[in-house]
Each structure stands twice: as C-alpha cells, then as structure tokens.
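What follows is the content of upload_19.tsv, which has TSV, C-alpha atoms:
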chain	number	residue	atom	x	y	z
Q	1	MET	CA	153.53	168.88	119.03
Q	2	PHE	CA	157.30	168.78	119.36
Q	3	SER	CA	159.41	171.30	121.23
Q	4	PHE	CA	161.72	173.55	119.24
Q	5	LYS	CA	164.69	171.57	120.61
Q	6	THR	CA	163.18	168.28	119.38
Q	7	GLN	CA	162.42	169.79	115.97
Q	8	GLN	CA	166.05	170.91	115.70
Q	9	ALA	CA	167.28	167.45	116.70
Q	10	LEU	CA	165.02	165.79	114.09
Q	11	ALA	CA	166.30	168.12	111.36
Q	12	GLN	CA	169.97	167.90	112.39
Q	13	PRO	CA	171.95	167.16	109.21
Q	14	PHE	CA	173.52	163.72	109.10
Q	15	PRO	CA	177.32	163.56	109.16
Q	16	ALA	CA	179.03	163.14	105.79
Q	17	SER	CA	180.04	159.60	106.76
Q	18	ALA	CA	176.35	158.57	106.94
Q	19	ILE	CA	175.44	160.02	103.54
Q	20	LYS	CA	175.53	157.62	100.60
Q	21	HIS	CA	175.51	158.54	96.92
Q	22	ARG	CA	173.64	156.87	94.09
Q	23	THR	CA	173.53	157.34	90.34
Q	24	GLN	CA	170.39	156.17	88.62
Q	25	ARG	CA	169.43	155.98	84.96
Q	26	TRP	CA	165.88	156.12	83.73
Q	27	LYS	CA	164.19	156.19	80.36
Q	28	ASP	CA	161.59	158.82	79.54
Q	29	LYS	CA	158.60	156.85	78.25
Q	30	LYS	CA	157.41	159.75	76.10
Q	31	THR	CA	160.67	160.65	74.37
Q	32	GLY	CA	162.59	157.41	74.69
Q	33	GLN	CA	165.63	159.35	75.94
Q	34	TRP	CA	167.78	158.09	78.76
Q	35	HIS	CA	168.55	160.40	81.70
Q	36	THR	CA	170.98	160.09	84.58
Q	37	ILE	CA	170.40	161.56	88.02
Q	38	GLN	CA	172.64	161.57	91.06
Q	39	PHE	CA	171.35	161.91	94.57
Q	40	ASP	CA	172.40	161.63	98.20
Q	41	TYR	CA	170.56	159.46	100.72
Q	42	VAL	CA	170.90	157.80	104.09
Q	43	GLU	CA	170.17	154.18	104.82
Q	44	THR	CA	166.95	153.17	106.57
Q	45	ALA	CA	168.87	152.03	109.66
Q	46	THR	CA	170.32	155.54	110.03
Q	47	VAL	CA	166.83	157.05	110.03
Q	48	ILE	CA	165.59	154.45	112.53
Q	49	ASP	CA	168.58	155.20	114.76
Q	50	ARG	CA	167.71	158.92	114.72
Q	51	LEU	CA	164.11	158.16	115.73
Q	52	ASN	CA	165.18	155.70	118.44
Q	53	THR	CA	167.73	158.16	119.82
Q	54	LEU	CA	165.15	160.92	120.12
Q	55	PHE	CA	162.02	158.97	121.04
Q	56	GLY	CA	163.06	155.53	122.28
Q	57	PHE	CA	160.05	153.33	121.66
Q	58	GLU	CA	157.57	156.20	121.46
Q	59	TRP	CA	157.19	155.87	117.70
Q	60	THR	CA	155.65	153.26	115.43
Q	61	PHE	CA	155.62	152.37	111.76
Q	62	THR	CA	153.16	150.05	110.03
Q	63	VAL	CA	152.44	149.11	106.46
Q	64	GLN	CA	148.80	149.95	105.89
Q	65	GLU	CA	148.65	148.61	102.32
Q	66	HIS	CA	150.94	146.86	99.86
Q	67	LEU	CA	150.55	146.22	96.18
Q	68	ARG	CA	152.47	144.66	93.31
Q	69	VAL	CA	152.15	146.63	90.07
Q	70	GLU	CA	153.92	144.92	87.17
Q	71	HIS	CA	157.61	144.95	88.18
Q	72	GLU	CA	157.29	147.15	91.26
Q	73	ILE	CA	156.23	146.82	94.89
Q	74	LEU	CA	154.35	149.76	96.43
Q	75	VAL	CA	153.55	150.19	100.11
Q	76	LEU	CA	151.60	152.78	102.08
Q	77	GLY	CA	153.38	153.36	105.37
Q	78	VAL	CA	152.02	155.02	108.50
Q	79	MET	CA	154.40	156.49	111.09
Q	80	THR	CA	153.28	157.85	114.43
Q	81	VAL	CA	155.69	159.79	116.64
Q	82	CYS	CA	154.44	160.96	120.03
Q	83	GLY	CA	150.84	161.00	118.79
Q	84	VAL	CA	151.55	162.75	115.45
Q	85	THR	CA	150.88	160.60	112.37
Q	86	LYS	CA	152.34	160.90	108.87
Q	87	THR	CA	151.81	158.66	105.84
Q	88	ALA	CA	153.88	158.08	102.71
Q	89	PHE	CA	154.11	155.72	99.77
Q	90	GLY	CA	157.32	153.78	99.25
Q	91	GLY	CA	158.27	151.81	96.19
Q	92	ALA	CA	160.94	149.54	94.76
Q	93	VAL	CA	161.53	147.78	91.46
Q	94	ILE	CA	161.55	143.98	91.57
Q	95	GLY	CA	164.97	142.77	90.49
Q	96	THR	CA	166.02	139.26	89.55
Q	97	GLY	CA	166.84	136.19	91.59
Q	98	GLU	CA	165.17	133.96	94.14
Q	99	GLU	CA	164.52	136.67	96.73
Q	100	ALA	CA	163.68	139.47	94.28
Q	101	VAL	CA	160.12	140.06	95.45
Q	102	VAL	CA	161.06	139.87	99.14
Q	103	ASN	CA	163.99	142.25	98.62
Q	104	ALA	CA	161.79	144.70	96.71
Q	105	TYR	CA	159.20	144.59	99.49
Q	106	LYS	CA	161.88	145.34	102.12
Q	107	ALA	CA	163.24	148.18	100.00
Q	108	ALA	CA	159.75	149.64	99.52
Q	109	VAL	CA	159.14	149.53	103.29
Q	110	GLY	CA	162.49	151.24	103.89
Q	111	ASP	CA	161.57	153.88	101.34
Q	112	ALA	CA	158.24	154.52	103.08
Q	113	ILE	CA	159.96	154.76	106.49
Q	114	LYS	CA	162.39	157.37	105.17
Q	115	LEU	CA	159.64	159.35	103.42
Q	116	CYS	CA	157.46	159.38	106.55
Q	117	ALA	CA	160.43	160.44	108.70
Q	118	LYS	CA	161.23	163.19	106.19
Q	119	GLN	CA	157.85	164.72	106.99
Q	120	PHE	CA	159.05	165.03	110.60
Q	121	GLY	CA	162.23	166.73	109.36
Q	122	VAL	CA	164.61	163.75	109.37
Q	123	GLY	CA	167.05	163.99	106.48
Q	124	LEU	CA	165.19	166.94	105.00
Q	125	HIS	CA	168.51	168.64	104.23
Q	126	LEU	CA	169.16	165.94	101.61
Q	127	TRP	CA	166.11	167.09	99.64
Q	128	MET	CA	166.85	170.80	99.73
Q	129	THR	CA	168.63	172.46	96.84
Q	130	ASP	CA	170.94	175.43	97.01
What does the file become when written as structure tokens?
Amino acid sequence: MFSFKTQQALAQPFPASAIKHRTQRWKDKKTGQWHTIQFDYVETATVIDRLNTLFGFEWTFTVQEHLRVEHEILVLGVMTVCGVTKTAFGGAVIGTGEEAVVNAYKAAVGDAIKLCAKQFGVGLHLWMTD
C-alpha cells in the first residue's frame, strides 16, 4: 500500500488556479422540471500531472470496455498505481459536429481517469461538502 506521506501527497488539495467551475442544467425525466447545479473540477491533465509527479511511469490506465448508449459514450476504466487497481465508469454526452463522437469518447476517458484517481485520493477535496 502507500506510505502516509504518499497518501497525503495524493490528497493534497489543488491550488485555486487549477480548479475550474462549471454550471450544468439537467431535466428531471420524472417531473419535467429543469435544475441547475454548479460544481468545481480539475482538468484531466492536472490529474495526470499529479500521478506523474508522484509515481513517474509506475501507474497505468486502460479502457476495459466502451459502449455507445443513445447519445452518450460510456467507458469502464482501469487504473493501477504501484500494484493497486481501481476501476470507474466515465461518461460523456455526444454533442454535434464532425468530431462529436470522438470528442465524447475522449471526454468519457478523461472522466474515468479522474474518477479512478479520486479513489486514490486525488481531487477528493472537490467532492467533499462542508
């Protein structure tokens, strides 16, 4: 497993300059009402940088499965860090345009990377509420 020092480094909060903000609207299928949520996130490259800084090339990520469901791409990602493996699903809505499916696939992979890394403590502070 990881040393306490490594666990602390994984969970180190990202600086404010690395944290992005997004507002997203969604429609409740049962009630038909629209809702708005706001959340903070970090870009995939920021998460990869944290892993590379701590582990160099001693970590891997692979897409075990991918699937297109209506207007969404879903992937099952597998991340292994120093012999410890975590899995997570990532997803992204397919937008419009020539590269829409490719862009959704890349976004779904990025989502899975971040969700796997979160299980190791990376960016976990963004998910915690006061």
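When atom CA of Ile73 of chain Q is paired with atom CA of Gly97 of chain Q, their separation reads 15.4 Å.
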Item checked: For Arg22 of chain Q: contacts at 12 Å, all atoms listed in the file, fewer than 3 positions along chain excluded, given as an MDAnalysis selection string -> chainID Q and resid 19 25 36:43
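Counting only C-alpha atoms, the residue from Q:Asp28, Q:Glu72, Q:Thr62, Q:Asn52 that sits nearest to Val102 of chain Q is Q:Glu72.
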Next item on the list: Quick one: everything within 9 Å of Phe120 of chain Q, counting all atoms listed in the file, minus sequence neighbours fewer than 6 positions away in the same chain. Send it as an NGL selection string.
Entry: :Q and (7 or 10-11 or 81 or 86)
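For the atom pair formed by atom CA of Lys27 of chain Q and atom CA of Ala117 of chain Q, the distance is 28.9 Å, given to one decimal.
If all atoms listed in the file are the atoms counted, then among Q:Pro15, Q:Gly56, Q:Gly95, Q:Gly110 the closest residue to Leu76 of chain Q is Q:Gly110.
The spacing separating atom CA of Leu74 of chain Q from atom CA of Tyr105 of chain Q amounts to 7.7 Å.
Candidate residues Q:Gln12, Q:Thr23, Q:Thr53, Q:Thr46 were compared for distance to Leu124 of chain Q, and the nearest is Q:Gln12, using only C-alpha atoms.
Between Val93 of chain Q and the candidates Q:Ala112, Q:Met79, Q:Ala18, Q:Val69, the tightest atom-to-atom separation, counting all atoms listed in the file, involves Q:Val69.
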